[in-house]
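Working notes for the structure below.
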Amino acid sequence: MKIDNVILTPEKAAIIKNTAIIADLHLGFENVMQDYGIAFPRMQIKDVLESVEKLVEKYNIEKLIIAGDFKHEFSRNLPYEWEDVELFLKTFKNLNIEVVRGNHDNFLAAILAKHGVELKEKIDVCGWTIVHGHKECDAKRIIMGHEHPAVKVRKGGVYSFPCYLHVKAKKEIVVLPAFSPLMSGSDVLSIDSFLSPILDVDIEEIEVYAVDEDVVYLGRIRDLRRVLETI
């Protein structure tokens with residue numbers, strides 16, 4: 001599925017030429033849960049590494065941009081975060097990796113510096129500006145994360161699908177699904193507003209692209225809400 005020169009993939013990455021853009025990995029999340037006394041198996045880093053390896057091989061990726069929230073804890077660098085971020089960077093040392101600062105990445109620069117990676121506020125790629133999304137951005141074409149968008153359908157049970165969002169108003173915006181397998185996602189069909197100041201738009205006009213085995217265009221949020229009312 002394409003939006004102009006941006007390919008939306010079922011691997012939850014946007015691709016422009018040989019550059020892949022992912023967001024919201026939230027590495028070290030399990031360590032945070034343990035700090036709250038919740039036993040949580042350490043499994044995310046393995047899944048993330050395998051997913052990126054498949055992405056790189058399938059699409060011949062040369063550059064990887066992480067659009068914020070590389071790690072999870074706001075207030076410090078936890079042991080799992082150090083280990084997982086370093087393992088990620090060592091595993092993909094042959095890739096050109098660039099990292100955009102997310103709202104969870106307050107102390108990430110200390111880890112990245114050991115590997116010669118700069119923490120940036122934004123990155124420009126082929127007419128698009130890559131940001132995390134937690135701050136205002138005056139660019140006209142934006143690719144961002146931050147929102148963890150998902151579509152949740154309730155019929156007997158709850159079926160949840162990560163999704164991309166596409167805004168075409170004063171600005172053109174593509175919102176990425178969370179790359180982390182542990183982030184369940186926020187249901188875009190049941191919210192009145194977004195977290196990001198960039199997404200001060202008419203929610204009902206936003207287009208939704210659901211991620212399953214492929215990327216499927218579902219239509220506008222307005223239309224999806226009308227359909228679900230009849231189910």
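Chain labels run A, B, ... following the order of the structure tokens; each chain numbers its residues from 1, and ligands are numbered from 1 in the order shown.
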- Filtered DSSP result for region 25-142 of chain A, state strand (DSSP E or B), as a list in words: Leu27, Lys63, Leu64, Ile65, Ile66, Ala67, Lys71, Asn96, Ile97, Glu98, Val99, Val100, Leu119, Lys120, Ile123, Asp124, Val125, Trp128, Thr129, Ile130, Arg141 and Ile142 of chain A
Would you put the residues from that selection into a file with C-alpha atoms, as a compact mmCIF listing (two decimals), in the first residue's frame?
# COMPACT_ATOMS: atom_id res chain seq x y z
CA LEU A 27 12.64 -1.48 24.68
CA LYS A 63 18.95 3.10 6.45
CA LEU A 64 16.71 2.65 9.51
CA ILE A 65 15.08 5.62 11.22
CA ILE A 66 13.58 5.14 14.67
CA ALA A 67 10.93 7.82 15.09
CA LYS A 71 13.16 2.79 25.06
CA ASN A 96 22.81 3.44 8.83
CA ILE A 97 20.70 4.02 11.97
CA GLU A 98 19.25 7.41 12.89
CA VAL A 99 17.16 8.08 15.98
CA VAL A 100 14.57 10.79 16.63
CA LEU A 119 19.71 11.69 19.10
CA LYS A 120 17.92 14.09 16.74
CA ILE A 123 15.01 13.99 10.18
CA ASP A 124 14.09 14.93 6.60
CA VAL A 125 13.66 12.19 3.98
CA TRP A 128 8.88 14.17 4.52
CA THR A 129 9.86 15.25 8.03
CA ILE A 130 10.24 12.44 10.56
CA ARG A 141 4.49 16.58 5.32
CA ILE A 142 5.11 14.54 8.46
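Each of A:Leu8, A:Ile173, A:Val117, A:Ile198 was checked against Ile143 (chain A) using only C-alpha atoms; the smallest atom-to-atom distance is that of A:Ile173.
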Could you name the residues that touch region 155-171 of chain A at 7 Å or less, counting only C-alpha atoms, but leaving out those on the same chain fewer than 5 positions away, as a short mmCIF file (atom, residue, chain, number, x, y, z; two decimals) with all heavy atoms, in the first residue's frame?
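Now in selection.cif:
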data_model
loop_
_atom_site.label_atom_id
_atom_site.label_comp_id
_atom_site.auth_asym_id
_atom_site.auth_seq_id
_atom_site.Cartn_x
_atom_site.Cartn_y
_atom_site.Cartn_z
N LYS A 140 5.17 20.55 6.50
CA LYS A 140 3.93 20.32 5.77
C LYS A 140 3.64 18.85 5.52
O LYS A 140 2.49 18.47 5.29
CB LYS A 140 3.97 21.08 4.43
CG LYS A 140 4.02 22.59 4.59
CD LYS A 140 2.79 23.12 5.32
CE LYS A 140 2.80 24.63 5.41
NZ LYS A 140 1.64 25.14 6.19
N ARG A 141 4.68 18.02 5.53
CA ARG A 141 4.49 16.58 5.32
C ARG A 141 5.27 15.85 6.42
O ARG A 141 6.50 15.97 6.51
CB ARG A 141 4.97 16.15 3.94
CG ARG A 141 4.31 16.93 2.81
CD ARG A 141 4.81 16.46 1.46
NE ARG A 141 4.06 15.30 1.00
CZ ARG A 141 4.49 14.46 0.07
NH1 ARG A 141 5.70 14.59 -0.44
NH2 ARG A 141 3.74 13.46 -0.33
N PRO A 149 -1.66 3.84 17.17
CA PRO A 149 -3.04 3.68 16.69
C PRO A 149 -3.40 2.22 16.42
O PRO A 149 -2.58 1.42 15.97
CB PRO A 149 -3.06 4.49 15.39
CG PRO A 149 -1.63 4.50 14.94
CD PRO A 149 -0.81 4.53 16.19
N ALA A 150 -4.65 1.89 16.70
CA ALA A 150 -5.20 0.56 16.44
C ALA A 150 -6.67 0.70 16.12
O ALA A 150 -7.32 1.70 16.48
CB ALA A 150 -4.99 -0.37 17.63
N LEU A 176 2.44 6.19 12.29
CA LEU A 176 2.87 4.80 12.27
C LEU A 176 2.26 4.02 13.44
O LEU A 176 2.09 4.57 14.53
CB LEU A 176 4.39 4.72 12.39
CG LEU A 176 5.22 5.46 11.35
CD1 LEU A 176 6.69 5.43 11.74
CD2 LEU A 176 5.02 4.84 9.98
N PRO A 177 1.99 2.73 13.24
CA PRO A 177 1.62 1.88 14.38
C PRO A 177 2.85 1.64 15.25
O PRO A 177 3.99 1.79 14.80
CB PRO A 177 1.16 0.58 13.71
CG PRO A 177 1.86 0.57 12.39
CD PRO A 177 2.01 2.00 11.97
N GLY A 185 -2.08 -0.77 21.61
CA GLY A 185 -2.62 0.24 20.71
C GLY A 185 -3.87 0.92 21.25
O GLY A 185 -4.63 0.35 22.03
N ILE A 206 -9.92 11.33 9.05
CA ILE A 206 -8.66 10.60 8.96
C ILE A 206 -8.88 9.23 8.31
O ILE A 206 -9.85 8.53 8.61
CB ILE A 206 -8.04 10.43 10.36
CG1 ILE A 206 -7.64 11.81 10.91
CG2 ILE A 206 -6.84 9.49 10.33
CD1 ILE A 206 -7.13 11.76 12.33
N GLU A 207 -7.98 8.86 7.42
CA GLU A 207 -8.04 7.57 6.75
C GLU A 207 -7.28 6.52 7.55
O GLU A 207 -6.23 6.82 8.13
CB GLU A 207 -7.47 7.67 5.34
CG GLU A 207 -8.30 8.57 4.43
CD GLU A 207 -7.70 8.66 3.04
OE1 GLU A 207 -6.47 8.79 2.93
OE2 GLU A 207 -8.48 8.62 2.06
N VAL A 208 -7.80 5.31 7.54
CA VAL A 208 -7.24 4.21 8.35
C VAL A 208 -6.78 3.08 7.44
O VAL A 208 -7.52 2.63 6.56
CB VAL A 208 -8.30 3.69 9.35
CG1 VAL A 208 -7.73 2.53 10.16
CG2 VAL A 208 -8.79 4.81 10.26
N TYR A 209 -5.57 2.62 7.70
CA TYR A 209 -5.00 1.47 7.00
C TYR A 209 -4.65 0.41 8.04
O TYR A 209 -3.69 0.58 8.80
CB TYR A 209 -3.73 1.88 6.24
CG TYR A 209 -3.96 2.85 5.10
CD1 TYR A 209 -4.16 4.21 5.34
CD2 TYR A 209 -3.96 2.41 3.78
CE1 TYR A 209 -4.36 5.10 4.30
CE2 TYR A 209 -4.15 3.30 2.73
CZ TYR A 209 -4.36 4.64 2.99
OH TYR A 209 -4.55 5.52 1.96
N ALA A 210 -5.40 -0.65 8.10
CA ALA A 210 -5.20 -1.69 9.12
C ALA A 210 -4.08 -2.64 8.72
O ALA A 210 -3.86 -2.91 7.53
CB ALA A 210 -6.48 -2.48 9.34
N VAL A 211 -3.37 -3.14 9.74
CA VAL A 211 -2.26 -4.07 9.53
C VAL A 211 -2.67 -5.45 9.99
O VAL A 211 -3.04 -5.67 11.14
CB VAL A 211 -1.01 -3.63 10.30
CG1 VAL A 211 0.10 -4.66 10.15
CG2 VAL A 211 -0.56 -2.25 9.85
N ASP A 212 -2.62 -6.40 9.05
CA ASP A 212 -2.83 -7.80 9.39
C ASP A 212 -1.75 -8.57 8.62
O ASP A 212 -0.58 -8.25 8.74
CB ASP A 212 -4.24 -8.25 9.03
CG ASP A 212 -4.62 -9.59 9.65
OD1 ASP A 212 -3.92 -10.06 10.56
OD2 ASP A 212 -5.62 -10.18 9.21
#
- Item | DSSP helix (DSSP H, G or I) residues within region 161-218 of chain A, as a ChimeraX atom specification | /A:197-199,203-205
What would the file look like if the residues just selected were written as a PDB file, in the first residue's frame with all heavy atoms?
ATOM      1  N   PRO A 197      -0.021  17.266  19.625  1.00  0.00           N
ATOM      2  CA  PRO A 197      -0.506  18.577  19.182  1.00  0.00           C
ATOM      3  C   PRO A 197      -0.512  18.700  17.656  1.00  0.00           C
ATOM      4  O   PRO A 197      -1.204  19.561  17.112  1.00  0.00           O
ATOM      5  CB  PRO A 197       0.495  19.554  19.818  1.00  0.00           C
ATOM      6  CG  PRO A 197       1.732  18.739  20.036  1.00  0.00           C
ATOM      7  CD  PRO A 197       1.262  17.365  20.351  1.00  0.00           C
ATOM      8  N   ILE A 198       0.235  17.852  16.973  1.00  0.00           N
ATOM      9  CA  ILE A 198       0.246  17.874  15.511  1.00  0.00           C
ATOM     10  C   ILE A 198      -1.099  17.432  14.954  1.00  0.00           C
ATOM     11  O   ILE A 198      -1.541  17.892  13.896  1.00  0.00           O
ATOM     12  CB  ILE A 198       1.364  16.948  14.973  1.00  0.00           C
ATOM     13  CG1 ILE A 198       2.727  17.450  15.429  1.00  0.00           C
ATOM     14  CG2 ILE A 198       1.328  16.856  13.449  1.00  0.00           C
ATOM     15  CD1 ILE A 198       3.870  16.484  15.126  1.00  0.00           C
ATOM     16  N   LEU A 199      -1.786  16.555  15.686  1.00  0.00           N
ATOM     17  CA  LEU A 199      -3.036  15.965  15.199  1.00  0.00           C
ATOM     18  C   LEU A 199      -4.264  16.734  15.688  1.00  0.00           C
ATOM     19  O   LEU A 199      -5.263  16.148  16.105  1.00  0.00           O
ATOM     20  CB  LEU A 199      -3.122  14.496  15.614  1.00  0.00           C
ATOM     21  CG  LEU A 199      -2.089  13.578  14.958  1.00  0.00           C
ATOM     22  CD1 LEU A 199      -2.156  12.186  15.548  1.00  0.00           C
ATOM     23  CD2 LEU A 199      -2.280  13.543  13.440  1.00  0.00           C
ATOM     24  N   ILE A 203     -10.945  14.435  13.355  1.00  0.00           N
ATOM     25  CA  ILE A 203     -10.677  13.008  13.498  1.00  0.00           C
ATOM     26  C   ILE A 203     -11.468  12.187  12.485  1.00  0.00           C
ATOM     27  O   ILE A 203     -10.960  11.219  11.909  1.00  0.00           O
ATOM     28  CB  ILE A 203     -10.996  12.535  14.936  1.00  0.00           C
ATOM     29  CG1 ILE A 203      -9.955  13.089  15.902  1.00  0.00           C
ATOM     30  CG2 ILE A 203     -11.035  11.020  15.023  1.00  0.00           C
ATOM     31  CD1 ILE A 203     -10.190  12.691  17.334  1.00  0.00           C
ATOM     32  N   GLU A 204     -12.687  12.570  12.245  1.00  0.00           N
ATOM     33  CA  GLU A 204     -13.549  11.733  11.412  1.00  0.00           C
ATOM     34  C   GLU A 204     -13.113  11.678   9.950  1.00  0.00           C
ATOM     35  O   GLU A 204     -13.512  10.779   9.219  1.00  0.00           O
ATOM     36  CB  GLU A 204     -14.996  12.211  11.529  1.00  0.00           C
ATOM     37  CG  GLU A 204     -15.540  12.062  12.948  1.00  0.00           C
ATOM     38  CD  GLU A 204     -17.041  11.884  12.967  1.00  0.00           C
ATOM     39  OE1 GLU A 204     -17.698  12.464  12.090  1.00  0.00           O
ATOM     40  OE2 GLU A 204     -17.529  11.164  13.846  1.00  0.00           O
ATOM     41  N   GLU A 205     -12.266  12.616   9.541  1.00  0.00           N
ATOM     42  CA  GLU A 205     -11.797  12.626   8.149  1.00  0.00           C
ATOM     43  C   GLU A 205     -10.495  11.846   7.969  1.00  0.00           C
ATOM     44  O   GLU A 205     -10.014  11.691   6.843  1.00  0.00           O
ATOM     45  CB  GLU A 205     -11.597  14.071   7.676  1.00  0.00           C
ATOM     46  CG  GLU A 205     -12.893  14.864   7.555  1.00  0.00           C
ATOM     47  CD  GLU A 205     -13.866  14.225   6.561  1.00  0.00           C
ATOM     48  OE1 GLU A 205     -13.425  13.785   5.486  1.00  0.00           O
ATOM     49  OE2 GLU A 205     -15.067  14.156   6.879  1.00  0.00           O
TER      50      GLU A 205
END
- Which neighbours of Gly68 (chain A) fall inside 10 Å, counting only C-alpha atoms, when residues of the same chain fewer than 3 positions from it are skipped, and could you give them as an NGL selection string? :A and (22-26 or 65 or 71 or 99-105 or 119-122 or 130-134 or 144-146)
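Using only C-alpha atoms for every distance, the candidate list A:Cys126, A:Glu86, A:Leu95, A:Ala110 yields A:Cys126 as the residue closest to Lys17 (chain A).
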- Shortest interatomic distance to Pro10 (chain A) - which of A:Leu55, A:Val174, A:Cys137, A:Ile221, counting only C-alpha atoms: A:Leu55
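Residue nearest Asp187 (chain A), chosen from A:Glu147, A:Asp84, A:Asp4, A:Asp138 and counting only C-alpha atoms: A:Glu147.
With only C-alpha atoms as the basis for measurement, A:Ile45 is the residue among A:Ile45, A:Ile61, A:Leu195, A:Val153 that approaches Glu81 (chain A) most closely.
Taking only C-alpha atoms, the non-local environment of Val48 (chain A) within 8 Å (same-chain residues fewer than 6 positions away omitted) comprises Leu25, Phe179, Ser180 and Pro181 of chain A.
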